[in-house]
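Chemist: Input run03.cif, format and content: mmCIF, C-alpha atoms.
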```
data_final
#
loop_
_atom_site.label_atom_id
_atom_site.label_comp_id
_atom_site.auth_asym_id
_atom_site.auth_seq_id
_atom_site.Cartn_x
_atom_site.Cartn_y
_atom_site.Cartn_z
CA GLU A 10 28.18 -66.20 -20.71
CA LEU A 11 31.08 -63.86 -19.92
CA ILE A 12 31.95 -64.07 -16.24
CA ASP A 13 35.45 -62.57 -16.05
CA ASN A 14 35.79 -59.17 -14.37
CA TYR A 15 38.98 -57.31 -15.33
CA ARG A 16 38.11 -54.14 -13.38
CA SER A 17 37.59 -54.86 -9.69
CA CYS A 18 39.57 -56.63 -6.97
CA GLU A 19 38.42 -59.94 -5.48
CA GLN A 20 36.76 -58.43 -2.39
CA ILE A 21 34.58 -56.08 -4.45
CA VAL A 22 33.64 -58.77 -6.96
CA GLY A 23 32.72 -61.18 -4.15
CA PHE A 24 30.61 -58.52 -2.45
CA ALA A 25 28.85 -57.72 -5.74
CA ASN A 26 28.10 -61.40 -6.34
CA GLU A 27 26.55 -61.77 -2.89
CA PHE A 28 24.50 -58.60 -3.26
CA ILE A 29 22.98 -59.54 -6.61
CA ARG A 30 22.28 -63.16 -5.70
CA THR A 31 18.64 -62.64 -4.73
CA VAL A 32 17.66 -60.50 -7.74
CA GLY A 33 15.11 -62.16 -10.01
CA ASN A 34 15.19 -62.22 -13.84
CA ARG A 35 18.97 -61.95 -13.93
CA MET A 36 20.69 -62.21 -17.31
CA LYS A 37 23.72 -63.85 -15.70
CA HIS A 38 23.38 -66.60 -13.12
CA GLU A 39 27.01 -67.60 -12.61
CA ASP A 40 29.16 -65.65 -10.18
CA ILE A 41 31.51 -63.12 -11.71
CA VAL A 42 35.19 -64.02 -11.33
CA ALA A 43 37.81 -61.39 -10.52
CA VAL A 44 40.78 -61.63 -12.86
CA LYS A 45 42.81 -59.16 -10.78
CA LYS A 46 44.28 -60.72 -7.68
CA GLU A 47 45.46 -57.49 -6.05
CA GLN A 48 44.10 -56.67 -2.61
CA GLY A 49 41.36 -54.14 -2.08
CA GLY A 50 38.58 -53.64 0.37
CA VAL A 51 34.91 -53.03 1.09
CA MET A 52 33.50 -51.11 4.04
CA VAL A 53 29.78 -50.72 4.75
CA ILE A 54 28.66 -48.05 7.23
CA CYS A 55 25.12 -47.86 8.58
CA VAL A 56 24.33 -44.18 9.24
CA ALA A 57 21.85 -42.88 11.81
CA SER A 58 21.75 -39.27 10.56
CA SER A 59 22.91 -37.59 7.33
CA LEU A 60 24.53 -39.82 4.71
CA GLU A 61 26.17 -36.82 3.07
CA MET A 62 27.71 -35.49 6.30
CA SER A 63 28.77 -38.99 7.38
CA MET A 64 30.58 -39.50 4.07
CA LEU A 65 32.29 -36.09 4.39
CA ASN A 66 33.36 -36.84 7.96
CA ALA A 67 34.84 -40.20 6.94
CA TRP A 68 36.54 -38.77 3.86
CA ARG A 69 38.40 -36.21 5.97
CA SER A 70 40.04 -39.14 7.78
CA ILE A 71 40.89 -41.37 4.83
CA TYR A 72 41.42 -39.15 1.78
CA ARG A 73 45.23 -39.13 2.02
CA GLN A 74 45.22 -42.88 1.27
CA TYR A 75 43.59 -42.18 -2.09
CA GLU A 76 45.20 -38.93 -3.25
CA LYS A 77 46.67 -40.62 -6.35
CA ASP A 78 43.46 -42.55 -7.12
CA THR A 79 40.54 -41.71 -9.35
CA VAL A 80 37.69 -41.19 -6.87
CA ALA A 81 33.92 -40.99 -7.24
CA VAL A 82 31.01 -40.36 -4.90
CA LEU A 83 27.87 -42.01 -6.26
CA THR A 84 24.46 -41.02 -4.93
CA THR A 85 20.92 -42.32 -5.14
CA THR A 86 19.32 -38.99 -6.11
CA ASN A 87 20.22 -35.82 -8.01
CA ASP A 88 19.65 -33.69 -4.90
CA GLN A 89 22.20 -35.78 -3.00
CA ALA A 90 24.72 -35.35 -5.82
CA TYR A 91 24.36 -31.56 -5.79
CA LEU A 92 24.66 -31.45 -1.99
CA VAL A 93 27.73 -33.73 -1.88
CA THR A 94 29.47 -31.59 -4.51
CA GLU A 95 28.81 -28.46 -2.45
CA LEU A 96 30.01 -30.06 0.79
CA LEU A 97 33.23 -31.39 -0.71
CA ASN A 98 34.15 -28.08 -2.36
CA GLN A 99 33.29 -26.08 0.77
CA ASN A 100 35.63 -28.30 2.78
CA GLY A 101 38.65 -27.96 0.51
CA PHE A 102 38.20 -31.03 -1.69
CA ARG A 103 38.04 -30.45 -5.44
CA ALA A 104 34.81 -32.02 -6.63
CA ARG A 105 33.05 -31.92 -9.98
CA LEU A 106 29.38 -32.75 -10.49
CA ILE A 107 28.74 -34.96 -13.51
CA GLN A 108 25.58 -33.30 -14.81
CA SER A 109 23.08 -34.87 -17.14
CA ASN A 110 20.53 -33.79 -19.68
CA ASP A 111 17.60 -35.35 -17.80
CA GLY A 112 14.34 -34.28 -19.42
CA PHE A 113 15.83 -33.03 -22.67
CA SER A 114 18.02 -34.21 -25.53
CA MET A 115 21.60 -33.02 -25.86
CA MET A 116 20.44 -31.71 -29.24
CA ASN A 117 18.42 -29.08 -27.35
CA LEU A 118 21.41 -27.38 -25.71
CA ALA A 119 21.97 -23.84 -26.99
CA GLU A 120 25.65 -24.61 -27.56
CA ILE A 121 24.83 -27.66 -29.68
CA ARG A 122 22.16 -25.79 -31.68
CA PHE A 123 24.67 -23.05 -32.48
CA PHE A 124 27.26 -25.55 -33.72
CA LEU A 125 24.73 -27.40 -35.88
CA GLU A 126 23.64 -24.13 -37.46
CA GLN A 127 27.26 -23.41 -38.44
CA VAL A 128 28.07 -26.81 -39.96
CA SER A 129 24.73 -27.10 -41.78
CA LYS A 130 25.49 -24.20 -44.12
CA GLU A 131 27.57 -26.28 -46.58
CA GLY A 132 25.20 -29.14 -47.25
CA PRO A 133 24.80 -32.79 -46.15
CA VAL A 134 28.55 -33.48 -45.81
CA ILE A 135 30.67 -31.45 -43.39
CA SER A 136 34.16 -30.59 -44.63
CA GLU A 137 37.09 -30.61 -42.21
CA GLU A 138 37.55 -26.88 -42.78
CA ALA A 139 33.89 -26.11 -41.98
CA TRP A 140 34.09 -28.34 -38.90
CA GLU A 141 37.11 -26.52 -37.49
CA LYS A 142 35.63 -23.08 -38.26
CA ALA A 143 32.41 -24.06 -36.47
CA LYS A 144 34.40 -25.17 -33.42
CA GLU A 145 36.29 -21.87 -33.40
CA LYS A 146 33.04 -19.88 -33.60
CA LEU A 147 31.51 -22.01 -30.85
CA CYS A 148 34.49 -21.41 -28.53
CA LYS A 149 34.42 -17.69 -29.22
CA THR A 150 30.65 -17.26 -28.87
CA PHE A 151 30.22 -19.52 -25.82
CA LYS A 152 33.50 -18.79 -24.04
CA ARG A 153 31.57 -18.10 -20.80
CA SER A 154 29.62 -21.34 -20.89
CA ASN A 155 30.26 -23.98 -18.25
CA HIS A 156 29.26 -26.62 -20.82
CA LEU A 157 31.69 -25.68 -23.59
CA GLU A 158 34.23 -28.37 -22.66
CA ALA A 159 31.64 -31.17 -22.64
CA CYS A 160 30.30 -30.04 -26.04
CA ILE A 161 33.80 -29.98 -27.54
CA ASN A 162 34.41 -33.48 -26.10
CA ALA A 163 31.25 -34.71 -27.83
CA PHE A 164 32.22 -33.22 -31.20
CA THR A 165 35.74 -34.64 -30.89
CA GLN A 166 34.38 -38.13 -30.24
CA PHE A 167 32.12 -37.87 -33.30
CA SER A 168 34.89 -36.62 -35.63
CA ASP A 169 37.36 -39.26 -34.37
CA THR A 170 34.93 -42.08 -35.20
CA ASN A 171 33.54 -40.77 -38.52
CA GLU A 172 35.96 -40.44 -41.42
CA LYS A 173 33.24 -38.78 -43.51
CA MET A 174 31.00 -36.51 -41.46
CA TYR A 175 27.35 -36.28 -42.46
CA ILE A 176 24.92 -33.83 -40.86
CA THR A 177 22.33 -36.59 -40.42
CA ASP A 178 24.86 -38.82 -38.63
CA LEU A 179 25.88 -35.97 -36.33
CA GLU A 180 22.25 -35.24 -35.46
CA ALA A 181 21.56 -38.92 -34.74
CA PHE A 182 24.70 -39.11 -32.57
CA LEU A 183 23.67 -36.05 -30.53
CA GLN A 184 20.08 -37.23 -30.25
CA GLU A 185 21.24 -40.42 -28.53
CA ALA A 186 24.15 -38.89 -26.59
CA ARG A 187 24.16 -38.50 -22.82
CA PHE A 188 25.63 -35.18 -21.69
CA ASN A 189 27.30 -36.78 -18.67
CA ASP A 190 29.33 -39.10 -20.95
CA PHE A 191 31.33 -36.06 -22.07
CA CYS A 192 31.93 -34.53 -18.64
CA LYS A 193 35.48 -35.40 -17.64
CA CYS A 194 37.04 -35.05 -14.20
CA GLU A 195 40.57 -33.70 -14.01
CA HIS A 196 43.32 -35.45 -12.06
CA GLY A 197 42.78 -34.84 -8.35
CA GLU A 198 39.09 -34.04 -8.72
CA ILE A 199 36.39 -36.15 -7.07
CA CYS A 200 33.67 -37.08 -9.54
CA VAL A 201 30.18 -36.79 -8.06
CA SER A 202 27.33 -38.47 -9.88
CA THR A 203 24.15 -40.41 -9.38
CA ILE A 204 24.65 -44.17 -9.58
CA HIS A 205 22.62 -44.21 -12.81
CA LYS A 206 24.91 -41.71 -14.57
CA ALA A 207 28.04 -43.64 -13.55
CA LYS A 208 27.22 -46.59 -15.79
CA GLY A 209 30.14 -47.28 -18.13
CA ARG A 210 32.69 -45.50 -15.89
CA GLU A 211 35.26 -46.90 -13.48
CA PHE A 212 37.19 -45.48 -10.53
CA ASP A 213 39.91 -46.71 -8.20
CA THR A 214 37.86 -45.69 -5.15
CA VAL A 215 34.08 -45.32 -4.86
CA CYS A 216 32.03 -43.91 -1.99
CA MET A 217 28.37 -44.78 -2.50
CA LEU A 218 25.38 -43.25 -0.69
CA VAL A 219 22.43 -45.63 -0.60
CA SER A 220 19.10 -44.39 0.70
CA GLY A 221 15.50 -45.31 0.08
CA PRO A 222 12.73 -47.65 1.20
CA LYS A 223 13.29 -50.73 3.34
CA THR A 224 12.69 -53.05 0.39
CA LEU A 225 14.17 -52.75 -3.09
CA THR A 226 12.71 -53.46 -6.48
CA ALA A 227 14.79 -55.59 -8.83
CA ALA A 228 15.59 -52.46 -10.87
CA GLN A 229 16.87 -50.65 -7.77
CA GLN A 230 19.00 -53.64 -6.81
CA ARG A 231 20.54 -53.73 -10.28
CA SER A 232 21.27 -50.01 -10.05
CA ILE A 233 23.14 -50.46 -6.75
CA TYR A 234 24.98 -53.43 -8.28
CA VAL A 235 26.15 -51.10 -11.08
CA GLY A 236 27.43 -48.68 -8.44
CA ILE A 237 29.29 -51.42 -6.56
CA THR A 238 31.01 -52.63 -9.74
CA ARG A 239 32.30 -49.13 -10.65
CA ALA A 240 34.98 -49.56 -7.94
CA LYS A 241 38.33 -51.08 -8.82
CA ARG A 242 40.20 -51.22 -5.48
CA ALA A 243 38.19 -49.63 -2.63
CA LEU A 244 34.46 -49.38 -1.98
CA TYR A 245 32.76 -47.48 0.85
CA ILE A 246 28.98 -47.72 1.23
CA PHE A 247 27.08 -45.30 3.48
CA HIS A 248 23.47 -46.38 3.96
CA ASN A 249 20.44 -45.96 6.20
CA THR A 250 18.61 -49.15 5.22
CA ASP A 251 18.74 -52.85 5.97
CA TYR A 252 19.71 -53.86 2.41
CA PHE A 253 23.05 -55.28 3.46
CA GLU A 254 22.11 -57.27 6.58
CA ARG A 255 21.89 -60.52 4.64
CA ILE A 256 25.43 -60.08 3.32
CA GLN A 257 26.71 -59.26 6.82
CA ASN A 258 25.41 -62.63 8.01
CA SER A 259 26.80 -64.57 5.01
CA PRO A 260 30.29 -66.08 4.61
CA GLN A 261 31.12 -63.23 2.22
CA GLY A 262 30.34 -60.80 5.04
CA ARG A 263 33.51 -61.87 6.84
CA THR A 264 35.62 -60.21 4.12
CA VAL A 265 33.85 -56.86 4.62
CA ARG A 266 34.46 -54.21 7.28
CA TRP A 267 31.19 -53.17 8.93
CA GLY A 268 30.64 -49.96 10.81
CA ARG A 269 28.01 -47.69 12.36
CA ASP A 270 27.92 -43.91 12.45
CA THR A 271 25.58 -42.91 15.29
CA LYS A 272 26.47 -39.20 15.27
CA THR A 273 23.79 -36.57 14.83
CA TYR A 274 24.92 -34.06 12.23
CA ASP A 275 23.77 -30.49 11.79
CA GLU A 276 22.16 -29.64 8.48
CA PRO A 277 24.65 -28.26 5.91
CA ASN A 278 25.27 -24.51 5.81
CA GLU A 279 24.51 -24.33 2.10
CA ILE A 280 22.33 -26.30 -0.30
CA VAL A 281 21.40 -25.95 -3.96
CA LEU A 282 18.02 -26.34 -5.64
CA PRO A 283 18.37 -26.85 -9.41
CA LEU A 284 15.38 -26.36 -11.72
CA SER A 285 14.59 -28.92 -14.41
CA TYR A 286 11.97 -28.74 -17.17
CA LYS A 287 9.26 -29.73 -14.70
CA ASP A 288 10.33 -27.02 -12.25
CA VAL A 289 9.82 -24.01 -14.55
CA TRP A 290 6.60 -22.38 -15.70
CA LEU A 291 6.87 -23.13 -19.41
CA SER A 292 4.06 -20.79 -20.43
CA PHE A 293 6.27 -17.90 -19.33
CA TYR A 294 8.59 -18.52 -22.29
CA LYS A 295 5.89 -18.08 -24.93
CA ALA A 296 6.40 -14.31 -24.93
CA LYS A 297 8.43 -13.42 -28.04
CA ASN A 298 10.47 -10.73 -26.30
CA ASN A 299 11.67 -13.24 -23.68
CA ALA A 300 13.02 -15.71 -26.26
CA ALA A 301 15.35 -13.20 -27.93
CA LEU A 302 16.75 -12.08 -24.59
CA ILE A 303 17.35 -15.60 -23.31
CA GLU A 304 19.59 -16.39 -26.29
CA GLU A 305 22.08 -13.87 -24.86
CA LEU A 306 22.58 -15.96 -21.69
CA GLN A 307 25.09 -18.77 -21.13
CA SER A 308 25.56 -21.49 -18.53
CA GLY A 309 27.17 -20.00 -15.42
CA ASP A 310 25.80 -16.46 -15.87
CA VAL A 311 24.58 -14.79 -12.67
CA LEU A 312 20.84 -14.27 -12.22
CA GLN A 313 18.83 -12.14 -9.83
CA PHE A 314 15.73 -13.55 -8.14
CA ARG A 315 12.66 -12.49 -6.21
CA GLU A 316 9.30 -13.83 -5.13
CA GLN A 317 6.43 -12.40 -7.16
CA LYS A 318 2.65 -12.64 -7.13
CA PHE A 319 0.79 -13.96 -10.16
CA GLY A 320 -2.87 -13.53 -9.26
CA GLU A 321 -3.39 -15.56 -6.10
CA LYS A 322 -0.20 -17.58 -6.52
CA THR A 323 3.39 -16.68 -5.68
CA LYS A 324 6.30 -17.88 -7.77
CA LEU A 325 10.05 -17.44 -7.79
CA VAL A 326 11.12 -15.23 -10.71
CA PHE A 327 14.64 -15.02 -12.12
CA TRP A 328 16.05 -11.91 -13.77
CA ALA A 329 19.18 -11.14 -15.78
CA ASP A 330 21.02 -8.01 -16.89
CA ILE A 331 20.92 -8.25 -20.68
CA ASN A 332 22.12 -5.48 -22.97
CA GLY A 333 21.97 -2.98 -20.14
CA LYS A 334 18.44 -3.89 -19.07
CA THR A 335 17.15 -6.10 -16.27
CA GLN A 336 14.76 -8.64 -17.80
CA ARG A 337 12.77 -11.60 -16.52
CA VAL A 338 14.17 -14.85 -17.96
CA ALA A 339 12.63 -17.69 -15.90
CA CYS A 340 9.80 -18.42 -13.52
CA SER A 341 9.35 -21.37 -11.16
CA SER A 342 6.53 -23.88 -11.20
CA ASP A 343 4.14 -24.12 -8.24
CA ASP A 344 5.76 -27.38 -7.08
CA TYR A 345 9.25 -25.92 -7.13
CA TYR A 346 8.09 -22.89 -5.18
CA GLU A 347 6.69 -25.21 -2.51
CA ARG A 348 10.08 -26.97 -2.26
CA PHE A 349 11.74 -23.58 -1.99
CA CYS A 350 9.35 -22.53 0.81
CA ALA A 351 10.00 -25.80 2.65
CA GLN A 352 13.70 -24.95 2.77
CA LYS A 353 12.92 -21.42 3.93
CA ARG A 354 10.96 -22.88 6.84
CA LYS A 355 14.11 -24.81 7.79
CA GLY A 356 16.00 -21.53 8.02
CA TYR A 357 17.57 -21.34 4.56
CA SER A 358 17.62 -18.13 2.50
CA PRO A 359 18.52 -17.77 -1.20
CA VAL A 360 21.91 -16.15 -1.77
CA GLU A 361 22.79 -16.79 -5.43
CA ALA A 362 21.27 -17.96 -8.69
CA ARG A 363 22.98 -18.86 -11.95
CA VAL A 364 22.07 -20.23 -15.36
CA GLN A 365 22.44 -24.01 -15.37
CA PHE A 366 21.25 -24.76 -18.93
CA VAL A 367 19.87 -22.81 -21.86
CA VAL A 368 17.84 -25.25 -23.96
CA SER A 369 15.31 -25.17 -26.76
CA TRP A 370 11.70 -26.07 -26.01
CA TRP A 371 9.08 -27.12 -28.53
CA ASP A 372 5.57 -25.98 -27.63
CA GLN A 373 3.20 -28.71 -28.82
CA ASN A 374 0.20 -26.37 -28.72
CA THR A 375 1.57 -23.45 -30.72
CA ARG A 376 3.97 -25.61 -32.79
CA GLU A 377 6.72 -23.10 -32.09
CA GLU A 378 10.19 -23.39 -30.61
CA CYS A 379 11.98 -21.06 -28.22
CA TYR A 380 14.89 -21.08 -25.78
CA ILE A 381 14.31 -21.46 -22.06
CA VAL A 382 16.54 -21.00 -19.02
CA LEU A 383 16.96 -23.67 -16.35
CA PRO A 384 18.49 -21.91 -13.30
CA ILE A 385 20.17 -23.28 -10.21
CA LEU A 386 19.57 -21.61 -6.84
CA ARG A 387 21.94 -21.61 -3.87
CA LEU A 388 20.56 -21.23 -0.32
CA ARG A 389 22.39 -20.59 2.94
CA LYS A 390 21.38 -21.43 6.50
CA LYS A 391 20.72 -18.41 8.68
CA LYS A 392 23.01 -18.28 11.71
#
```
What does this structure look like when you write it as structure tokens?

Modeler:
Amino acid sequence: ELIDNYRSCEQIVGFANEFIRTVGNRMKHEDIVAVKKEQGGVMVICVASSLEMSMLNAWRSIYRQYEKDTVAVLTTTNDQAYLVTELLNQNGFRARLIQSNDGFSMMNLAEIRFFLEQVSKEGPVISEEAWEKAKEKLCKTFKRSNHLEACINAFTQFSDTNEKMYITDLEAFLQEARFNDFCKCEHGEICVSTIHKAKGREFDTVCMLVSGPKTLTAAQQRSIYVGITRAKRALYIFHNTDYFERIQNSPQGRTVRWGRDTKTYDEPNEIVLPLSYKDVWLSFYKAKNNAALIEELQSGDVLQFREQKFGEKTKLVFWADINGKTQRVACSSDDYYERFCAQKRKGYSPVEARVQFVVSWWDQNTREECYIVLPILRLRKKK
């Protein structure tokens, strides 16, 4: 079995070996060996209050050491990733959220559907001329879209690896593709991602937020192991569990810096609540007039919002100005509305909504397809 690690320094590799030692059903049983002999470091901080605020507080003190590094903050949950991105940007650090297509295929993105429609006009084989024309049309039509760059990255990867481009091969490639694989961070930006989405990436410095139950399943342990091994030179772990106590008491623990953050942090001034497939009322999109209007929207467009009664239930409705008219384009599920109300009870009020994704949805009952909007809502704490 392959045991050489060419990515990480000795301290990180040793820490990873000790962490994974108790996981059952491991594919590899020998310790990984660090090929790089350069010095690095691991620090583990047990946090009494907010992991996100603790990480931000620490980063303010240490970021100048890593200004030339590639840096990532890896989180346990999507909500944490959104919050960390907001906190970093609000405090003057350039951060980019590595989004994913959780719940839908990349093939369902409106931008991808448009491109496929353009290149499919010639037949089963896509000529270089048709490919370039389709890219030009995509860039012109979706110039407002926040996802245009990632889509172009995906098409570039496909064309670079396929001398002869078949429609069927392109569709298969997009069907299997992960949107986050094509989201690139610029130099000086902090990449923010869930641990799961970081698989296959590497960074000079990684800050990892680990939260959850007192005991871990084998799958959860492997996920954290993946996060640990994304770091090349420096690893900071902020946690509120007892996962790492065994390592602290082991010989490997002597090579790690251990710390505690006992501060009580205020809740952040702003939070975001994104809506996924499960968070929208899908029946709303069955109306034919809605589908045509939604196709006019692009990722990043501003939406209006209001609470509205539907019989005995209240939902959050999103509106957009389309062709000079204000039209309803999305409606929350009951569960999402409850989450929204829970934040309101904490003192948060909605201040902005935007389009996060426009994706196609296939209704199994009617056997029809239409576009739907997945918004993202920003809330601010009342002073």

Chemist: Would you list the contacts of Ala43 of chain A as a PyMOL selection string, taking every protein, DNA or RNA residue within 10 Å and counting all atoms listed in the file, but skipping same-chain residues closer than 6 positions in sequence?

Modeler: chain A and resi 12-23

Chemist: Just to confirm, what's the straight-line distance from atom CA of Lys144 of chain A to atom CA of Phe123 of chain A in Å (one decimal)?

Modeler: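 Computed distance, atom CA of Lys144 of chain A to atom CA of Phe123 of chain A, equals 10.0 Å.
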
Chemist: Name all residues at most 7 Å from Ser202 of chain A (count only C-alpha atoms; drop same-chain ones fewer than 6 positions away) and give them as a VMD selection string.

Modeler: chain A and resid 82 to 84 90 106 to 107

Chemist: Would you kindly translate the PyMOL selection byres ((chain A and resi 134) around 10) into the concrete residues it picks from this file, as a list in words?

Modeler: Val128, Ser129, Lys130, Glu131, Gly132, Pro133, Ile135, Ser136, Glu137, Ala139, Lys173, Met174, Tyr175, Ile176, Thr177 and Asp178 of chain A

Chemist: Counting all atoms listed in the file, which residue out of A:Asn189, A:Gln365, A:Asn100, A:Ser259 sits closest to Met62 of chain A?

Modeler: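 Going through A:Asn189, A:Gln365, A:Asn100, A:Ser259 one by one, the smallest distance to Met62 of chain A is for A:Asn100.
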
Chemist: Which is closest to Phe212 of chain A among A:Asn155, A:Gln307, A:Gln352, A:Thr79, if we use only C-alpha atoms?

Modeler: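 Of all the options, A:Thr79 lies closest to Phe212 of chain A.
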
Chemist: Could you expand the PyMOL selection byres ((chain A and resi 311-326) around 6) into the explicit residues it covers here, written as a list of chain:residue names?

Modeler: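 Output of the PyMOL selection byres ((chain A and resi 311-326) around 6): A:Asp310, A:Phe327, A:Trp328, A:Ala329, A:Ala339, A:Cys340, A:Ser341, A:Tyr346, A:Ala362, A:Arg363.
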
Chemist: List as a PyMOL selection string the protein and nucleic acid residues near Ile199 of chain A, meaning an atom at most 6 Å away when all atoms listed in the file are counted, but skip any in the same chain fewer than 3 places from it.

Modeler: chain A and resi 80-81+104

Chemist: Between atom CA of Ser168 of chain A and atom CA of Lys193 of chain A, what is the distance in Å, rounded to a tenth?

Modeler: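 One can read the atom CA of Ser168 of chain A to atom CA of Lys193 of chain A distance as 18.0 Å.
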
Chemist: For the structure shown, which residues end up in the PyMOL selection byres ((chain A and resi 370-372) around 10)? Put them as a PDB file with C-alpha atoms, keeping the file's coordinate frame, please?

Modeler:
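Dumped everything to result-v2.pdb:
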```pdb
ATOM      1  CA  PHE A 113      15.830 -33.030 -22.670  1.00  0.00           C
ATOM      2  CA  ASN A 117      18.420 -29.080 -27.350  1.00  0.00           C
ATOM      3  CA  LEU A 118      21.410 -27.380 -25.710  1.00  0.00           C
ATOM      4  CA  TYR A 286      11.970 -28.740 -17.170  1.00  0.00           C
ATOM      5  CA  LEU A 291       6.870 -23.130 -19.410  1.00  0.00           C
ATOM      6  CA  SER A 292       4.060 -20.790 -20.430  1.00  0.00           C
ATOM      7  CA  TYR A 294       8.590 -18.520 -22.290  1.00  0.00           C
ATOM      8  CA  LYS A 295       5.890 -18.080 -24.930  1.00  0.00           C
ATOM      9  CA  VAL A 367      19.870 -22.810 -21.860  1.00  0.00           C
ATOM     10  CA  VAL A 368      17.840 -25.250 -23.960  1.00  0.00           C
ATOM     11  CA  SER A 369      15.310 -25.170 -26.760  1.00  0.00           C
ATOM     12  CA  GLN A 373       3.200 -28.710 -28.820  1.00  0.00           C
ATOM     13  CA  ASN A 374       0.200 -26.370 -28.720  1.00  0.00           C
ATOM     14  CA  THR A 375       1.570 -23.450 -30.720  1.00  0.00           C
ATOM     15  CA  ARG A 376       3.970 -25.610 -32.790  1.00  0.00           C
ATOM     16  CA  GLU A 377       6.720 -23.100 -32.090  1.00  0.00           C
ATOM     17  CA  GLU A 378      10.190 -23.390 -30.610  1.00  0.00           C
ATOM     18  CA  CYS A 379      11.980 -21.060 -28.220  1.00  0.00           C
ATOM     19  CA  TYR A 380      14.890 -21.080 -25.780  1.00  0.00           C
ATOM     20  CA  ILE A 381      14.310 -21.460 -22.060  1.00  0.00           C
ATOM     21  CA  VAL A 382      16.540 -21.000 -19.020  1.00  0.00           C
TER      22      VAL A 382
END
```

Chemist: Measuring atom to atom with all atoms listed in the file, identify which of A:Glu347, A:Glu95, A:Glu47, A:Asp213 is nearest to Lys77 of chain A.

Modeler: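 The shortest atom-to-atom distance to Lys77 of chain A comes from A:Asp213.
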
Chemist: Between atom CA of Val219 of chain A and atom CA of Ile280 of chain A, what is the spacing in Å?

Modeler: 19.3 Å

Chemist: Applying 7 Å and only C-alpha atoms, which residues near Phe366 of chain A remain after dropping the ones on its own chain fewer than 3 positions away? List them as a ChimeraX atom specification.

Modeler: /A:308,382-384

Chemist: Restricting the calculation to all atoms listed in the file: of A:Leu225, A:Leu306, A:Tyr274, A:Ser358, which residue gets closest to Arg337 of chain A?

Modeler: A:Leu306

Chemist: Nearest to Phe349 of chain A: which of A:Met52, A:Leu388, A:Cys194, A:Val289 is it, counting only C-alpha atoms?

Modeler: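 Closest residue, counting only C-alpha atoms: A:Leu388.
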
Chemist: Give me, as a list in words, all polymer residues having an atom no more than 12 Å from Ile71 of chain A, counting all atoms listed in the file and skipping those fewer than 6 positions away in the same chain.

Modeler: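 Neighbouring residues, sequence-local ones excluded: Met64, Leu65, Thr214, Cys216, Ala243 and Tyr245 of chain A.
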